[in-house]
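First the structure, in the form of structure tokens, and then the observations on it.
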Amino acid sequence: EAFHITHKNMTNISPASQSSSHQHLPTLKSLLSQKHILFLTETGSKSMSLSAPNSDIDLRFIYVENLDFYLKVHQAMAHGRTKAVDMHGEVRYKIPEQESPLGIEIDMVGYELRRTLNLIAESNPTIFEWLRSGNVEYSYGKTHEELMKLMQKALCKRKLAMYFFETARSNLLSYILGNQKQKELVNRKKYIYVMRNLFNVIYMQKYDLDIPPMDFEVLLEKVVPLFPDDVDKERSIQEEIRELIRRKRAVAGQWEKQERVAILDEWILSVKEPLKKFAVKIPVRDRSGWNWDEMDTYFRNIVLKQYEQLPESFEKIVEVYTLDR
């Protein structure tokens with residue numbers, strides 16, 4: 001038995017926006033034709049409990065093709081990316097804010113089930129983030145539970161910790177420190193993405209490689225104090241973080257650039273290298289004895305026995321997000 005949750009993040013819709021949104025539906029319907037949805041969730045700010053009322057929707061889903069797709073000798077692959085792309089095992093589509101029926105940008109990414117299972121076997125952090133999002137809008141039967149079990153069996157903790165660290169490092173260099181010279185003015189929202197990923201590594205270090213919670217405030221509570229030997233600095237950094245959370249939940253989009261926050265810079269630079277040393281020392285998971293039987297059985301069961309019971313991806317997405325308003 002499947003479940004779905006009606007999307008409630010609705011905003012006022014202008015007639016022009018409503019008219020424009022309908023122009024996307026035929027393209028989206030064609031793109032998702034013959035694709036049956038297994039799992040639908042939201043990632044991004046909402047998955048961290050940091051979204052504003054007008055935050056973009058980062059829609060992620062897993063789908064199954066019709067049986068004929070899997071029985072072909074030759075399967076054509078798309079070349080290049082366009083506005084609407086159906087590559088081998090992947091769907092991407094974006095509805096801009098001004099043309100969205102919800103009045104906010106909708107970014108859609110979907111992976112075909114066989115590709116998803118291969119990414120799970122590779123301990124892919126992106127798929128792991130999809131599955132552990134707390135904003136599941138639709139799941140066929142026990143799909144979410146079953147894929148999480150497979151992910152947990154395959155997960156390499158070192159790869160996950162390094163993903164968190166490298167994501168923090170990339171955001172730090174790109175948006176705060178700068179690659180060539182120190183940035184004087186920054187978008188302070190980027191501090192959240194740097195700290196969230198560093199918090200994730202600290203959590204794994206502190207809790208015996210356990211998986212960090214998605215909720216940013218819950219995560220923060222688990223990793224404090226950040227300055228255990230300095231009460232004044234701890235108070236100062238907590239105030240700055242709380243202000244970032246307040247602003248992030250108030251308004252979506254880019255913030256005006258401001259001076260960097262010294263106490264945040266100090267903390268980030270003090271923990272960056274020690275956390276990298278911790279992450280690289282986590283043992284790599286031994287894959288030599290990996291058994292594909294469980295994944296193969298799950299895949300065949302869905303494709304051969306259950307795919308006709310799955311709803312069409314287009315219809316389910318339109319239903320959950322009321323895109324035909």
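In the structure tokens, chains take letters A, B, ... by order of appearance, with residues numbered from 1 within each chain and ligands from 1 in the order shown.
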List as a VMD selection string the protein and nucleic acid residues near range 244-259 of chain A, meaning an atom at most 10 Å away when only C-alpha atoms are counted, but skip any in the same chain fewer than 6 places from it.
chain A and resid 45 to 46 49 to 56 104 183 to 192 216 to 217 238
Selected residues, C-alpha atoms, written as a PDB file, in the first residue's frame, please.
ATOM      1  CA  SER A  45      16.844  23.550   2.840  1.00  0.00           C
ATOM      2  CA  LYS A  46      13.614  21.757   3.652  1.00  0.00           C
ATOM      3  CA  SER A  49      14.484  22.234   8.507  1.00  0.00           C
ATOM      4  CA  LEU A  50      15.875  25.572   7.325  1.00  0.00           C
ATOM      5  CA  SER A  51      13.473  26.455   4.512  1.00  0.00           C
ATOM      6  CA  ALA A  52      11.713  29.769   4.163  1.00  0.00           C
ATOM      7  CA  PRO A  53       8.094  29.976   2.921  1.00  0.00           C
ATOM      8  CA  ASN A  54       9.394  30.857  -0.552  1.00  0.00           C
ATOM      9  CA  SER A  55      12.343  28.444  -0.690  1.00  0.00           C
ATOM     10  CA  ASP A  56      12.889  26.531  -3.952  1.00  0.00           C
ATOM     11  CA  ILE A 104       8.678  29.211  -6.496  1.00  0.00           C
ATOM     12  CA  LYS A 183      37.078  37.705   0.220  1.00  0.00           C
ATOM     13  CA  GLU A 184      36.102  40.813   2.171  1.00  0.00           C
ATOM     14  CA  LEU A 185      32.354  40.614   1.546  1.00  0.00           C
ATOM     15  CA  VAL A 186      30.488  37.297   1.485  1.00  0.00           C
ATOM     16  CA  ASN A 187      27.013  35.838   1.325  1.00  0.00           C
ATOM     17  CA  ARG A 188      26.739  34.765   4.964  1.00  0.00           C
ATOM     18  CA  LYS A 189      24.213  32.071   4.095  1.00  0.00           C
ATOM     19  CA  LYS A 190      27.133  30.025   2.760  1.00  0.00           C
ATOM     20  CA  TYR A 191      28.454  29.659   6.310  1.00  0.00           C
ATOM     21  CA  ILE A 192      25.512  27.340   6.975  1.00  0.00           C
ATOM     22  CA  PHE A 216      20.411  21.447  11.311  1.00  0.00           C
ATOM     23  CA  GLU A 217      19.398  22.495  14.826  1.00  0.00           C
ATOM     24  CA  GLN A 238      26.078  30.396  19.186  1.00  0.00           C
TER      25      GLN A 238
END
Once DSSP has gone over the backbone, tell me which residues of range 71-301 of chain A are in alpha helix (DSSP H), as a ChimeraX atom specification.
/A:113-121,125-131,143-154,157-171,190-206,216-223,231-250,262-280,293-300
Give the answer as one residue: which of A:Glu312, A:Val223, A:Met195, A:Lys94 has the shortest atom-to-atom distance to Tyr207 in chain A, using only C-alpha atoms?
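Nearest candidate to Tyr207 in chain A out of A:Glu312, A:Val223, A:Met195, A:Lys94: A:Val223.
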Might you pull out every residue within 6 Å of range 273-286 of chain A, with only C-alpha atoms counted and same-chain residues fewer than 4 positions away left off, and present them as a ChimeraX atom specification?
/A:156,158,161-162
Which distance in Å separates CA of Trp292 in chain A and CA of Met204 in chain A, to one decimal?
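That distance, rounded to one decimal, is 27.7 Å.
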One decimal, Å: what's the distance from CA of Tyr111 in chain A over to CA of Tyr203 in chain A, could you say?
29.2 Å
Rank A:Asp296, A:Leu102, A:Lys305, A:Leu310 by their smallest atom-to-atom distance to Asn118 in chain A, using only C-alpha atoms, and report the top residue only.
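Using only C-alpha atoms, Asn118 in chain A sits closest to A:Asp296.
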Just to confirm, what's the straight-line distance from CA of Tyr321 in chain A to CA of Met148 in chain A in Å (one decimal)?
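CA of Tyr321 in chain A sits 24.6 Å away from CA of Met148 in chain A.
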Find the residues near range 65-74 of chain A: any atom within 8 Å, counting only C-alpha atoms, skip ones fewer than 3 places away on the same chain, and give them as an NGL selection string.
:A and (34-36 or 112 or 303-304 or 307)
Restricting the calculation to only C-alpha atoms: of A:Leu269, A:Leu113, A:Ile202, A:Ile241, which residue gets closest to Thr143 in chain A?
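Nearest to Thr143 in chain A: A:Leu113.
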Selected residue of minimal separation from Tyr140 in chain A among A:Ile211, A:Val231, A:Ile302, A:Leu173, counting only C-alpha atoms
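Looking only at the distances to Tyr140 in chain A, the closest residue turns out to be A:Ile302.
For the choices A:Phe299, A:Phe314, A:Trp130, A:Phe199, the atom-to-atom distance to Pro225 in chain A is smallest for A:Phe199 when using only C-alpha atoms.
Ranking A:Leu117, A:Ile317, A:Asn124, A:Leu59 by their shortest atom-to-atom distance to Tyr298 in chain A, with only C-alpha atoms included, puts A:Leu117 first.
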